Amino acid sequence: MQVTFFGAAREVTGSCHLVQTKDTRLLLDCGMFQGSAFSDAKNFRDFGFDPKTLDAVVVTHAHLDHVGRLPKLVKEGYKGKIYMTPPTAKLTKLVLEDAEQVMEDEYRREYRPKLFELEDVDAVMSQVQLVDYAHRVKLDGVSFRYRDAGHILGSAFVELDEAGGPRLGFSGDLGNAPDPILKPTAQLAAQDVLIVESTYGNRLHEAQDLRKKTLRECLTRTAQKNGVLLIPTFAIERTQLLLFDIHHLSENRLVPEMDIFLDSPLAIRASEVMREFPQYYNQDTLKEVSSGEDVFAFPGLHETLSRDQSKTINEAPRPKTIIAGSGMMNGGRILHHLVRYLGDPRSTLLIIGYQSGGTLGRRLYSGEKKVEVLNERVQVKADVAAIGSYSAHADQQQILDWISSAEKLPGHIYCVHGEEDAAAGLATRLMQKLKIPTDVPRFGETIQI
Ligand SMILES: [Zn+2]
């Protein structure tokens, strides 16, 4: 068996790995590269392999950096099955349609080329083959099964076996357990080689209880200052977790009531998909929704689906909170709100997720005071706060714990899906602590297993 890394190698986005066995060529994920532009120029380059020669595509979860180049793959001739779990399929359709919309807007505004059209998304969905956790899928000379990764709804890690050959594990993205909504990450079976994500490979998250405290403080301060709280969202999972927390803070009267606008069509639709699959929740949350409670709603919440509805937010009186995409502020409706409110000292920007290098989100997170948003220069006077534990990713210790609790320790590990220092940090720790030979592969590098 051999694996070649065609994305998410020494960077976080663009997950895409080619697995070749004697009889089968299989692709793990086919994600989009996301840099300063929503659709980075790298997405338009050749894959590095011929899509027509693939036998199967195995998708771990519906985040754009794991599914965003599927339409390109199909457009360039891939005709086979695209495997994913049922929630991943629903979310993938939403995510790809939303990305098409963002690219269409950018095309109209700045003549940026589009990576794909809606018809390409339809083509992808027509090739989807649903597989739930734990079912083993048999292909030519190789089989695989999905296990719950606990990262977002329907997310999976992959256990791949070559008949008479090695076993390969691929983590996809690992969850930040314990997740208030999802089940914990499943146990890893014995693997000869493991490819593991390392987004937070050299960091530890702040304690989970700090999360609600910071959120509560930001909401309360916004009410006191009669200001505007801006929360750029990752539409799937993080938004629902945020709504879930506000639901409980509001239920217990721990925050002042104010208008809270969910200004993200993708997040609104993703919440609907979340409500459709309660069987994927952990026991506590399942129990809560079984009693008829809507854990993603609370008084004062307004969902602004259309553009016209979105424009009414400008006129709404302060204090108010605006939750809008995209999470790394490299596109989407949040940009309009940033232009309007970043220059106001009464505003607070609350960052709740990973900010990739080169994005506007990373610049604001790093404390830059002069930024350009939608071609306007903005002087940042708003407070900038961040909550690390809203991350959907496991931190260094959680990754280590997951690997240590495997049925048997993997023989060799490759760290992907992390910037160079994060991947190297995790590799060093794995070698020191677990004594497992670990490498950080480069883009285009092939390993023999
Ligand atoms: Zn992810």
# chains A, B, ... in the order shown; residues from 1 in each chain; ligands from 1
$ residues_near_ligand --ligand "ligand 1" --cutoff "8 Å" --atoms "only C-alpha atoms and all ligand atoms" --output "JSON, numbers by chain"
{"A": [61, 62, 63, 64, 65, 66, 151, 152, 172, 173, 174, 392, 393]}
$ write_last_selection --atoms "all heavy atoms" --output "tab-separated table (two decimals), in the first residue's frame"
chain	number	residue	atom	x	y	z
A	61	HIS	N	-15.92	14.02	6.59
A	61	HIS	CA	-16.99	14.88	7.12
A	61	HIS	C	-17.21	16.07	6.20
A	61	HIS	O	-16.48	16.28	5.24
A	61	HIS	CB	-16.69	15.33	8.55
A	61	HIS	CG	-15.50	16.21	8.69
A	61	HIS	ND1	-14.21	15.75	8.59
A	61	HIS	CD2	-15.39	17.54	8.92
A	61	HIS	CE1	-13.36	16.75	8.76
A	61	HIS	NE2	-14.05	17.84	8.96
A	62	ALA	N	-18.25	16.86	6.52
A	62	ALA	CA	-18.78	17.84	5.56
A	62	ALA	C	-18.12	19.21	5.59
A	62	ALA	O	-18.61	20.12	4.93
A	62	ALA	CB	-20.29	17.98	5.77
A	63	HIS	N	-17.05	19.40	6.34
A	63	HIS	CA	-16.40	20.72	6.28
A	63	HIS	C	-15.81	20.96	4.90
A	63	HIS	O	-15.30	20.04	4.27
A	63	HIS	CB	-15.30	20.81	7.34
A	63	HIS	CG	-15.82	21.26	8.69
A	63	HIS	ND1	-15.24	20.87	9.87
A	63	HIS	CD2	-16.86	22.06	9.02
A	63	HIS	CE1	-15.91	21.44	10.87
A	63	HIS	NE2	-16.90	22.14	10.39
A	64	LEU	N	-15.84	22.24	4.49
A	64	LEU	CA	-15.41	22.59	3.13
A	64	LEU	C	-13.97	22.17	2.83
A	64	LEU	O	-13.65	21.80	1.71
A	64	LEU	CB	-15.56	24.12	2.95
A	64	LEU	CG	-15.57	24.62	1.52
A	64	LEU	CD1	-16.68	23.99	0.71
A	64	LEU	CD2	-15.68	26.14	1.50
A	65	ASP	N	-13.12	22.20	3.86
A	65	ASP	CA	-11.73	21.81	3.61
A	65	ASP	C	-11.57	20.28	3.50
A	65	ASP	O	-10.46	19.78	3.34
A	65	ASP	CB	-10.76	22.41	4.64
A	65	ASP	CG	-11.02	21.94	6.06
A	65	ASP	OD1	-12.19	21.72	6.41
A	65	ASP	OD2	-10.05	21.77	6.82
A	66	HIS	N	-12.69	19.57	3.53
A	66	HIS	CA	-12.67	18.11	3.32
A	66	HIS	C	-13.54	17.68	2.13
A	66	HIS	O	-13.39	16.56	1.65
A	66	HIS	CB	-13.10	17.37	4.60
A	66	HIS	CG	-12.13	17.55	5.71
A	66	HIS	ND1	-11.24	16.57	6.10
A	66	HIS	CD2	-11.87	18.63	6.48
A	66	HIS	CE1	-10.48	17.05	7.08
A	66	HIS	NE2	-10.84	18.29	7.33
A	151	HIS	N	-16.44	15.07	15.84
A	151	HIS	CA	-15.96	16.41	15.45
A	151	HIS	C	-17.13	17.30	15.05
A	151	HIS	O	-17.32	18.37	15.61
A	151	HIS	CB	-14.94	16.21	14.33
A	151	HIS	CG	-14.54	17.43	13.59
A	151	HIS	ND1	-13.91	18.49	14.18
A	151	HIS	CD2	-14.65	17.75	12.27
A	151	HIS	CE1	-13.66	19.41	13.25
A	151	HIS	NE2	-14.11	18.99	12.09
A	152	ILE	N	-17.90	16.89	14.06
A	152	ILE	CA	-19.17	17.55	13.73
A	152	ILE	C	-20.18	16.43	13.46
A	152	ILE	O	-19.79	15.27	13.36
A	152	ILE	CB	-19.08	18.50	12.49
A	152	ILE	CG1	-18.77	17.71	11.21
A	152	ILE	CG2	-18.05	19.59	12.73
A	152	ILE	CD1	-18.95	18.54	9.94
A	172	GLY	N	-9.27	11.81	9.92
A	172	GLY	CA	-10.13	12.94	9.53
A	172	GLY	C	-9.89	14.03	10.55
A	172	GLY	O	-8.75	14.22	10.97
A	173	ASP	N	-10.92	14.72	11.02
A	173	ASP	CA	-10.75	15.68	12.10
A	173	ASP	C	-11.33	15.08	13.38
A	173	ASP	O	-12.42	14.52	13.35
A	173	ASP	CB	-11.47	17.00	11.78
A	173	ASP	CG	-10.76	17.77	10.68
A	173	ASP	OD1	-9.68	17.32	10.24
A	173	ASP	OD2	-11.28	18.82	10.27
A	174	LEU	N	-10.59	15.22	14.47
A	174	LEU	CA	-11.03	14.64	15.75
A	174	LEU	C	-11.73	15.69	16.59
A	174	LEU	O	-11.33	16.85	16.61
A	174	LEU	CB	-9.81	14.11	16.52
A	174	LEU	CG	-9.06	12.97	15.85
A	174	LEU	CD1	-7.74	12.72	16.57
A	174	LEU	CD2	-9.91	11.69	15.83
A	392	ALA	N	-13.75	22.86	17.33
A	392	ALA	CA	-14.32	21.53	17.09
A	392	ALA	C	-13.22	20.48	17.04
A	392	ALA	O	-13.48	19.31	16.80
A	392	ALA	CB	-15.11	21.53	15.79
A	393	HIS	N	-11.97	20.94	17.26
A	393	HIS	CA	-10.83	20.03	17.13
A	393	HIS	C	-10.25	19.60	18.48
A	393	HIS	O	-10.23	20.38	19.42
A	393	HIS	CB	-9.70	20.70	16.35
A	393	HIS	CG	-10.02	20.90	14.91
A	393	HIS	ND1	-9.77	19.94	13.96
A	393	HIS	CD2	-10.59	21.93	14.26
A	393	HIS	CE1	-10.17	20.39	12.78
A	393	HIS	NE2	-10.67	21.60	12.93
$ select_by_dssp --residues "segment 89-202 of chain A" --states "strand (DSSP E)" --output "ChimeraX atom specification"
/A:128-130,136-139,142-148,156-162,167-170,193-197
$ residues_around --residues "segment 367-375 of chain A" --least-positions-apart "6" --cutoff "12 Å" --atoms "only C-alpha atoms" --output "PyMOL selection string"
chain A and resi 36-37+105-106+109-110+329-343+349+351+359-361+381-386
$ write_last_selection --atoms "N, CA, C and O atoms" --output "short mmCIF file (atom, residue, chain, number, x, y, z; two decimals), in the first residue's frame"
data_model
loop_
_atom_site.label_atom_id
_atom_site.label_comp_id
_atom_site.auth_asym_id
_atom_site.auth_seq_id
_atom_site.Cartn_x
_atom_site.Cartn_y
_atom_site.Cartn_z
N SER A 36 -6.33 33.49 2.09
CA SER A 36 -6.89 34.84 2.22
C SER A 36 -8.16 34.96 1.39
O SER A 36 -9.10 35.64 1.78
N ALA A 37 -8.18 34.31 0.23
CA ALA A 37 -9.40 34.30 -0.58
C ALA A 37 -10.23 33.10 -0.16
O ALA A 37 -9.69 32.09 0.28
N ASP A 105 -20.95 35.43 -5.62
CA ASP A 105 -20.89 36.82 -5.15
C ASP A 105 -19.52 37.43 -5.44
O ASP A 105 -19.43 38.58 -5.89
N GLU A 106 -18.47 36.65 -5.18
CA GLU A 106 -17.11 37.16 -5.41
C GLU A 106 -16.86 37.38 -6.90
O GLU A 106 -16.16 38.31 -7.29
N ARG A 109 -18.58 40.60 -7.78
CA ARG A 109 -17.97 41.77 -7.17
C ARG A 109 -16.56 42.02 -7.70
O ARG A 109 -16.18 43.13 -7.98
N GLU A 110 -15.79 40.94 -7.83
CA GLU A 110 -14.36 41.12 -8.14
C GLU A 110 -13.89 40.28 -9.32
O GLU A 110 -12.70 40.15 -9.56
N MET A 329 -13.64 34.77 8.47
CA MET A 329 -13.84 36.12 7.94
C MET A 329 -13.18 36.33 6.58
O MET A 329 -12.71 37.41 6.27
N ASN A 330 -13.13 35.26 5.78
CA ASN A 330 -12.59 35.40 4.42
C ASN A 330 -13.70 35.37 3.37
O ASN A 330 -13.49 35.09 2.21
N GLY A 331 -14.90 35.70 3.79
CA GLY A 331 -16.05 35.74 2.88
C GLY A 331 -17.32 35.78 3.70
O GLY A 331 -17.28 35.78 4.93
N GLY A 332 -18.45 35.84 3.01
CA GLY A 332 -19.74 35.73 3.69
C GLY A 332 -20.27 37.04 4.27
O GLY A 332 -19.64 38.08 4.18
N ARG A 333 -21.44 36.96 4.91
CA ARG A 333 -22.15 38.15 5.38
C ARG A 333 -21.44 38.87 6.52
O ARG A 333 -21.64 40.05 6.75
N ILE A 334 -20.59 38.17 7.27
CA ILE A 334 -19.92 38.81 8.41
C ILE A 334 -19.14 40.04 7.96
O ILE A 334 -19.01 41.02 8.71
N LEU A 335 -18.62 40.01 6.71
CA LEU A 335 -17.80 41.12 6.22
C LEU A 335 -18.56 42.44 6.25
O LEU A 335 -18.01 43.47 6.64
N HIS A 336 -19.82 42.43 5.86
CA HIS A 336 -20.62 43.66 5.87
C HIS A 336 -20.76 44.20 7.30
O HIS A 336 -20.68 45.40 7.53
N HIS A 337 -20.97 43.29 8.23
CA HIS A 337 -21.11 43.72 9.64
C HIS A 337 -19.78 44.23 10.20
O HIS A 337 -19.75 45.15 11.00
N LEU A 338 -18.67 43.63 9.77
CA LEU A 338 -17.35 44.08 10.23
C LEU A 338 -17.09 45.50 9.76
O LEU A 338 -16.61 46.35 10.52
N VAL A 339 -17.39 45.79 8.49
CA VAL A 339 -17.19 47.13 7.95
C VAL A 339 -17.98 48.14 8.79
O VAL A 339 -17.49 49.21 9.15
N ARG A 340 -19.20 47.77 9.16
CA ARG A 340 -20.09 48.67 9.87
C ARG A 340 -19.71 48.87 11.34
O ARG A 340 -19.84 49.98 11.87
N TYR A 341 -19.24 47.80 11.99
CA TYR A 341 -19.12 47.87 13.47
C TYR A 341 -17.71 47.76 14.06
O TYR A 341 -17.53 48.04 15.23
N LEU A 342 -16.71 47.33 13.26
CA LEU A 342 -15.36 47.17 13.83
C LEU A 342 -14.76 48.48 14.32
O LEU A 342 -13.96 48.50 15.25
N GLY A 343 -15.15 49.58 13.69
CA GLY A 343 -14.59 50.88 14.05
C GLY A 343 -15.26 51.52 15.26
O GLY A 343 -14.92 52.63 15.66
N LEU A 349 -15.74 41.93 19.06
CA LEU A 349 -15.63 40.83 18.11
C LEU A 349 -15.22 39.60 18.90
O LEU A 349 -14.19 39.61 19.58
N ILE A 351 -14.12 35.81 18.66
CA ILE A 351 -13.62 34.79 17.73
C ILE A 351 -13.72 33.43 18.42
O ILE A 351 -13.23 33.26 19.53
N THR A 359 -5.73 34.71 6.66
CA THR A 359 -7.13 35.17 6.64
C THR A 359 -7.29 36.47 7.43
O THR A 359 -6.46 36.79 8.28
N LEU A 360 -8.37 37.18 7.14
CA LEU A 360 -8.69 38.39 7.90
C LEU A 360 -8.86 38.04 9.38
O LEU A 360 -8.44 38.79 10.28
N GLY A 361 -9.46 36.88 9.63
CA GLY A 361 -9.67 36.43 11.01
C GLY A 361 -8.37 36.32 11.77
O GLY A 361 -8.27 36.75 12.93
N LYS A 381 -11.54 49.48 16.38
CA LYS A 381 -11.68 50.05 17.73
C LYS A 381 -12.47 49.12 18.63
O LYS A 381 -12.57 49.34 19.84
N ALA A 382 -13.07 48.10 18.02
CA ALA A 382 -13.85 47.13 18.80
C ALA A 382 -12.91 46.30 19.68
O ALA A 382 -11.74 46.13 19.37
N ASP A 383 -13.45 45.81 20.80
CA ASP A 383 -12.69 44.83 21.60
C ASP A 383 -12.64 43.53 20.80
O ASP A 383 -13.61 43.17 20.14
N VAL A 384 -11.51 42.82 20.91
CA VAL A 384 -11.44 41.51 20.27
C VAL A 384 -11.24 40.45 21.36
O VAL A 384 -10.28 40.53 22.13
N ALA A 385 -12.18 39.53 21.45
CA ALA A 385 -12.10 38.45 22.44
C ALA A 385 -12.08 37.12 21.70
O ALA A 385 -12.48 37.04 20.54
N ALA A 386 -11.58 36.10 22.35
CA ALA A 386 -11.55 34.78 21.70
C ALA A 386 -11.86 33.69 22.72
O ALA A 386 -11.51 33.80 23.89
#
$ atom_distance --atom1 "atom CA of Tyr200 of chain A" --atom2 "atom CA of Phe33 of chain A"
18.0 Å
$ closest_residue --among "A:Leu286, A:Asp161, A:Pro51, A:Pro178" --to "Ala190 of chain A" --atoms "only C-alpha atoms"
A:Asp161
$ closest_residue --among "A:Phe234, A:Tyr78, A:Tyr354, A:Phe298" --to "Gly325 of chain A" --atoms "only C-alpha atoms"
A:Phe234
$ select_by_dssp --residues "segment 212-366 of chain A" --states "alpha helix (DSSP H)" --output "ChimeraX atom specification"
/A:212-225,238-251,265-276,283-290,307-315,334-341,360-365
$ closest_residue --among "A:Thr214, A:Thr21, A:Asn252, A:Gln129" --to "Gly388 of chain A" --atoms "only C-alpha atoms"
A:Thr214
$ atom_distance --atom1 "atom CA of Arg147 of chain A" --atom2 "atom CA of Ala297 of chain A"
29.7 Å
$ residues_around --residues "segment 443-445 of chain A" --least-positions-apart "6" --cutoff "12 Å" --atoms "only C-alpha atoms" --output "short mmCIF file (atom, residue, chain, number, x, y, z; two decimals) with all heavy atoms, in the first residue's frame"
data_model
loop_
_atom_site.label_atom_id
_atom_site.label_comp_id
_atom_site.auth_asym_id
_atom_site.auth_seq_id
_atom_site.Cartn_x
_atom_site.Cartn_y
_atom_site.Cartn_z
N GLN A 2 0.47 2.26 -0.77
CA GLN A 2 1.17 3.53 -0.64
C GLN A 2 0.19 4.69 -0.56
O GLN A 2 -0.92 4.62 -1.06
CB GLN A 2 2.21 3.72 -1.74
CG GLN A 2 1.67 3.84 -3.14
CD GLN A 2 2.83 3.95 -4.13
OE1 GLN A 2 3.86 3.29 -3.97
NE2 GLN A 2 2.66 4.78 -5.15
N VAL A 3 0.63 5.74 0.14
CA VAL A 3 -0.22 6.92 0.33
C VAL A 3 0.54 8.15 -0.14
O VAL A 3 1.72 8.32 0.17
CB VAL A 3 -0.58 7.12 1.83
CG1 VAL A 3 -1.49 8.34 2.01
CG2 VAL A 3 -1.25 5.88 2.41
N THR A 4 -0.14 9.00 -0.94
CA THR A 4 0.46 10.26 -1.36
C THR A 4 -0.42 11.40 -0.84
O THR A 4 -1.64 11.35 -0.94
CB THR A 4 0.58 10.33 -2.90
OG1 THR A 4 1.17 9.12 -3.37
CG2 THR A 4 1.44 11.50 -3.32
N PHE A 5 0.25 12.40 -0.27
CA PHE A 5 -0.46 13.52 0.38
C PHE A 5 -0.64 14.67 -0.62
O PHE A 5 0.33 15.31 -0.99
CB PHE A 5 0.31 13.97 1.61
CG PHE A 5 0.53 12.85 2.59
CD1 PHE A 5 1.66 12.04 2.53
CD2 PHE A 5 -0.43 12.56 3.56
CE1 PHE A 5 1.85 10.99 3.41
CE2 PHE A 5 -0.25 11.51 4.45
CZ PHE A 5 0.89 10.72 4.38
N PHE A 6 -1.88 14.90 -1.03
CA PHE A 6 -2.16 15.95 -2.02
C PHE A 6 -2.91 17.14 -1.43
O PHE A 6 -3.60 17.87 -2.13
CB PHE A 6 -2.93 15.37 -3.21
CG PHE A 6 -2.06 14.55 -4.12
CD1 PHE A 6 -2.27 13.18 -4.25
CD2 PHE A 6 -1.03 15.14 -4.83
CE1 PHE A 6 -1.48 12.42 -5.10
CE2 PHE A 6 -0.23 14.39 -5.69
CZ PHE A 6 -0.45 13.02 -5.82
N GLY A 7 -2.81 17.31 -0.13
CA GLY A 7 -3.43 18.46 0.53
C GLY A 7 -3.29 18.29 2.02
O GLY A 7 -2.96 17.21 2.51
N ALA A 8 -3.54 19.38 2.76
CA ALA A 8 -3.43 19.37 4.22
C ALA A 8 -2.10 18.78 4.68
O ALA A 8 -2.02 18.13 5.72
CB ALA A 8 -4.61 18.62 4.87
N ALA A 9 -1.05 18.98 3.90
CA ALA A 9 0.30 18.56 4.29
C ALA A 9 1.06 19.82 4.69
O ALA A 9 1.30 20.69 3.87
CB ALA A 9 0.99 17.87 3.12
N ARG A 10 1.40 19.92 5.97
CA ARG A 10 2.04 21.10 6.54
C ARG A 10 1.16 22.34 6.41
O ARG A 10 1.64 23.47 6.34
CB ARG A 10 3.42 21.33 5.94
CG ARG A 10 4.29 20.10 6.13
CD ARG A 10 5.73 20.33 5.88
NE ARG A 10 6.46 19.11 6.20
CZ ARG A 10 7.75 19.06 6.43
NH1 ARG A 10 8.46 20.15 6.37
NH2 ARG A 10 8.33 17.92 6.72
N GLU A 11 -0.12 22.15 6.29
CA GLU A 11 -1.11 23.23 6.35
C GLU A 11 -2.43 22.60 6.78
O GLU A 11 -2.56 21.38 6.81
CB GLU A 11 -1.24 23.93 5.00
CG GLU A 11 -1.78 23.05 3.90
CD GLU A 11 -1.87 23.78 2.56
OE1 GLU A 11 -2.31 24.94 2.53
OE2 GLU A 11 -1.51 23.17 1.54
N VAL A 12 -3.40 23.46 7.12
CA VAL A 12 -4.63 22.92 7.70
C VAL A 12 -5.66 22.52 6.64
O VAL A 12 -6.37 21.53 6.80
CB VAL A 12 -5.24 23.93 8.70
CG1 VAL A 12 -6.64 23.52 9.10
CG2 VAL A 12 -4.36 24.02 9.94
N THR A 13 -5.73 23.27 5.55
CA THR A 13 -6.85 23.04 4.64
C THR A 13 -6.46 22.17 3.44
O THR A 13 -5.29 21.85 3.25
CB THR A 13 -7.42 24.38 4.16
OG1 THR A 13 -6.41 25.08 3.44
CG2 THR A 13 -7.90 25.22 5.34
N GLY A 14 -7.48 21.80 2.65
CA GLY A 14 -7.24 21.05 1.41
C GLY A 14 -7.06 19.55 1.60
O GLY A 14 -6.41 18.89 0.79
N SER A 15 -7.64 18.97 2.66
CA SER A 15 -7.47 17.54 2.95
C SER A 15 -7.72 16.68 1.71
O SER A 15 -8.78 16.76 1.09
CB SER A 15 -8.45 17.14 4.07
OG SER A 15 -8.26 15.78 4.41
N CYS A 16 -6.74 15.85 1.35
CA CYS A 16 -6.83 15.03 0.13
C CYS A 16 -5.64 14.07 0.08
O CYS A 16 -4.50 14.50 -0.09
CB CYS A 16 -6.81 15.96 -1.08
SG CYS A 16 -7.02 15.14 -2.66
N HIS A 17 -5.90 12.78 0.29
CA HIS A 17 -4.82 11.80 0.32
C HIS A 17 -5.16 10.62 -0.58
O HIS A 17 -6.26 10.07 -0.50
CB HIS A 17 -4.59 11.31 1.76
CG HIS A 17 -4.50 12.42 2.76
ND1 HIS A 17 -3.49 13.37 2.73
CD2 HIS A 17 -5.30 12.77 3.81
CE1 HIS A 17 -3.68 14.24 3.72
NE2 HIS A 17 -4.76 13.89 4.38
N LEU A 18 -4.21 10.25 -1.43
CA LEU A 18 -4.44 9.16 -2.38
C LEU A 18 -3.84 7.86 -1.82
O LEU A 18 -2.66 7.80 -1.52
CB LEU A 18 -3.79 9.50 -3.72
CG LEU A 18 -3.86 8.42 -4.80
CD1 LEU A 18 -5.31 8.20 -5.26
CD2 LEU A 18 -3.00 8.82 -6.00
N ASP A 46 -3.89 21.38 -10.91
CA ASP A 46 -4.12 19.94 -11.08
C ASP A 46 -4.11 19.25 -9.72
O ASP A 46 -3.36 19.64 -8.83
CB ASP A 46 -3.00 19.33 -11.92
CG ASP A 46 -3.27 19.52 -13.40
OD1 ASP A 46 -4.41 19.91 -13.74
OD2 ASP A 46 -2.34 19.29 -14.20
N PHE A 47 -4.90 18.19 -9.61
CA PHE A 47 -4.92 17.44 -8.36
C PHE A 47 -3.56 16.78 -8.06
O PHE A 47 -3.21 16.56 -6.91
CB PHE A 47 -5.97 16.32 -8.45
CG PHE A 47 -7.36 16.80 -8.18
CD1 PHE A 47 -8.28 16.93 -9.21
CD2 PHE A 47 -7.76 17.12 -6.90
CE1 PHE A 47 -9.58 17.35 -8.96
CE2 PHE A 47 -9.06 17.55 -6.63
CZ PHE A 47 -9.97 17.67 -7.67
N GLY A 48 -2.84 16.42 -9.12
CA GLY A 48 -1.61 15.64 -8.93
C GLY A 48 -1.85 14.19 -9.31
O GLY A 48 -0.92 13.37 -9.27
N PHE A 49 -3.09 13.86 -9.64
CA PHE A 49 -3.45 12.52 -10.11
C PHE A 49 -4.62 12.71 -11.06
O PHE A 49 -5.23 13.78 -11.10
CB PHE A 49 -3.86 11.62 -8.93
CG PHE A 49 -4.93 12.23 -8.06
CD1 PHE A 49 -6.27 12.09 -8.37
CD2 PHE A 49 -4.59 12.99 -6.93
CE1 PHE A 49 -7.26 12.69 -7.59
CE2 PHE A 49 -5.58 13.60 -6.15
CZ PHE A 49 -6.92 13.44 -6.49
N TYR A 414 1.78 9.61 10.82
CA TYR A 414 2.04 10.78 9.98
C TYR A 414 1.07 11.89 10.38
O TYR A 414 -0.14 11.66 10.44
CB TYR A 414 1.85 10.42 8.50
CG TYR A 414 2.89 9.43 8.03
CD1 TYR A 414 2.65 8.05 8.14
CD2 TYR A 414 4.11 9.86 7.52
CE1 TYR A 414 3.62 7.14 7.75
CE2 TYR A 414 5.08 8.95 7.13
CZ TYR A 414 4.83 7.59 7.24
OH TYR A 414 5.79 6.69 6.86
N VAL A 416 -0.84 15.27 9.67
CA VAL A 416 -1.32 16.13 8.59
C VAL A 416 -2.26 17.18 9.20
O VAL A 416 -2.46 17.23 10.41
CB VAL A 416 -2.06 15.32 7.51
CG1 VAL A 416 -1.13 14.33 6.83
CG2 VAL A 416 -3.29 14.59 8.09
N HIS A 417 -2.85 18.01 8.31
CA HIS A 417 -3.91 18.93 8.73
C HIS A 417 -3.48 19.80 9.92
O HIS A 417 -4.20 19.95 10.91
CB HIS A 417 -5.17 18.13 9.09
CG HIS A 417 -6.44 18.93 9.01
ND1 HIS A 417 -6.78 19.89 9.93
CD2 HIS A 417 -7.47 18.89 8.14
CE1 HIS A 417 -7.96 20.41 9.61
NE2 HIS A 417 -8.39 19.82 8.53
N GLU A 420 2.91 23.96 10.00
CA GLU A 420 4.17 23.26 10.21
C GLU A 420 4.55 23.09 11.69
O GLU A 420 4.91 22.00 12.12
CB GLU A 420 5.28 23.96 9.45
CG GLU A 420 6.17 22.96 8.79
CD GLU A 420 6.91 23.49 7.58
OE1 GLU A 420 6.41 24.39 6.88
OE2 GLU A 420 8.01 22.96 7.35
#
$ residues_around --residues "Gln191 of chain A" --least-positions-apart "6" --cutoff "9 Å" --atoms "only C-alpha atoms" --output "JSON, numbers by chain"
{"A": [159, 160, 161, 166, 167, 168, 169, 406, 407, 408, 409, 410, 411, 412]}
$ write_last_selection --atoms "N, CA, C and O atoms" --output "mmCIF file, in the first residue's frame"
data_model
loop_
_atom_site.group_PDB
_atom_site.id
_atom_site.type_symbol
_atom_site.label_atom_id
_atom_site.label_comp_id
_atom_site.auth_asym_id
_atom_site.auth_seq_id
_atom_site.Cartn_x
_atom_site.Cartn_y
_atom_site.Cartn_z
ATOM 1 N N GLU A 159 -11.016 3.420 9.120
ATOM 2 C CA GLU A 159 -10.121 2.282 9.342
ATOM 3 C C GLU A 159 -10.131 1.441 8.069
ATOM 4 O O GLU A 159 -11.170 0.902 7.698
ATOM 5 N N LEU A 160 -8.965 1.385 7.421
ATOM 6 C CA LEU A 160 -8.852 0.784 6.085
ATOM 7 C C LEU A 160 -7.957 -0.453 6.163
ATOM 8 O O LEU A 160 -6.859 -0.382 6.701
ATOM 9 N N ASP A 161 -8.424 -1.572 5.629
ATOM 10 C CA ASP A 161 -7.630 -2.816 5.647
ATOM 11 C C ASP A 161 -7.375 -3.299 4.230
ATOM 12 O O ASP A 161 -8.314 -3.433 3.452
ATOM 13 N N PRO A 166 -1.376 -4.248 4.994
ATOM 14 C CA PRO A 166 -1.416 -3.440 6.219
ATOM 15 C C PRO A 166 -2.783 -2.813 6.509
ATOM 16 O O PRO A 166 -3.669 -2.786 5.657
ATOM 17 N N ARG A 167 -2.893 -2.323 7.745
ATOM 18 C CA ARG A 167 -4.083 -1.572 8.165
ATOM 19 C C ARG A 167 -3.707 -0.119 8.318
ATOM 20 O O ARG A 167 -2.699 0.224 8.938
ATOM 21 N N LEU A 168 -4.556 0.735 7.746
ATOM 22 C CA LEU A 168 -4.291 2.171 7.769
ATOM 23 C C LEU A 168 -5.442 2.905 8.459
ATOM 24 O O LEU A 168 -6.602 2.710 8.109
ATOM 25 N N GLY A 169 -5.116 3.726 9.432
ATOM 26 C CA GLY A 169 -6.128 4.569 10.073
ATOM 27 C C GLY A 169 -5.972 5.997 9.586
ATOM 28 O O GLY A 169 -4.857 6.480 9.387
ATOM 29 N N ALA A 406 -6.009 3.491 21.915
ATOM 30 C CA ALA A 406 -6.282 2.566 20.797
ATOM 31 C C ALA A 406 -6.107 1.124 21.284
ATOM 32 O O ALA A 406 -5.397 0.879 22.267
ATOM 33 N N GLU A 407 -6.761 0.184 20.577
ATOM 34 C CA GLU A 407 -6.629 -1.234 20.951
ATOM 35 C C GLU A 407 -5.162 -1.640 21.018
ATOM 36 O O GLU A 407 -4.754 -2.463 21.822
ATOM 37 N N LYS A 408 -4.374 -1.072 20.104
ATOM 38 C CA LYS A 408 -2.934 -1.308 20.086
ATOM 39 C C LYS A 408 -2.310 -0.045 19.501
ATOM 40 O O LYS A 408 -2.900 0.581 18.616
ATOM 41 N N LEU A 409 -1.143 0.361 19.985
ATOM 42 C CA LEU A 409 -0.542 1.588 19.471
ATOM 43 C C LEU A 409 -0.149 1.413 18.000
ATOM 44 O O LEU A 409 0.377 0.362 17.628
ATOM 45 N N PRO A 410 -0.391 2.418 17.167
ATOM 46 C CA PRO A 410 0.008 2.326 15.754
ATOM 47 C C PRO A 410 1.530 2.194 15.639
ATOM 48 O O PRO A 410 2.268 2.695 16.491
ATOM 49 N N GLY A 411 1.969 1.536 14.571
ATOM 50 C CA GLY A 411 3.404 1.331 14.385
ATOM 51 C C GLY A 411 4.117 2.573 13.884
ATOM 52 O O GLY A 411 5.306 2.771 14.139
ATOM 53 N N HIS A 412 3.421 3.393 13.136
ATOM 54 C CA HIS A 412 4.019 4.606 12.572
ATOM 55 C C HIS A 412 2.910 5.639 12.420
ATOM 56 O O HIS A 412 1.777 5.282 12.122
#
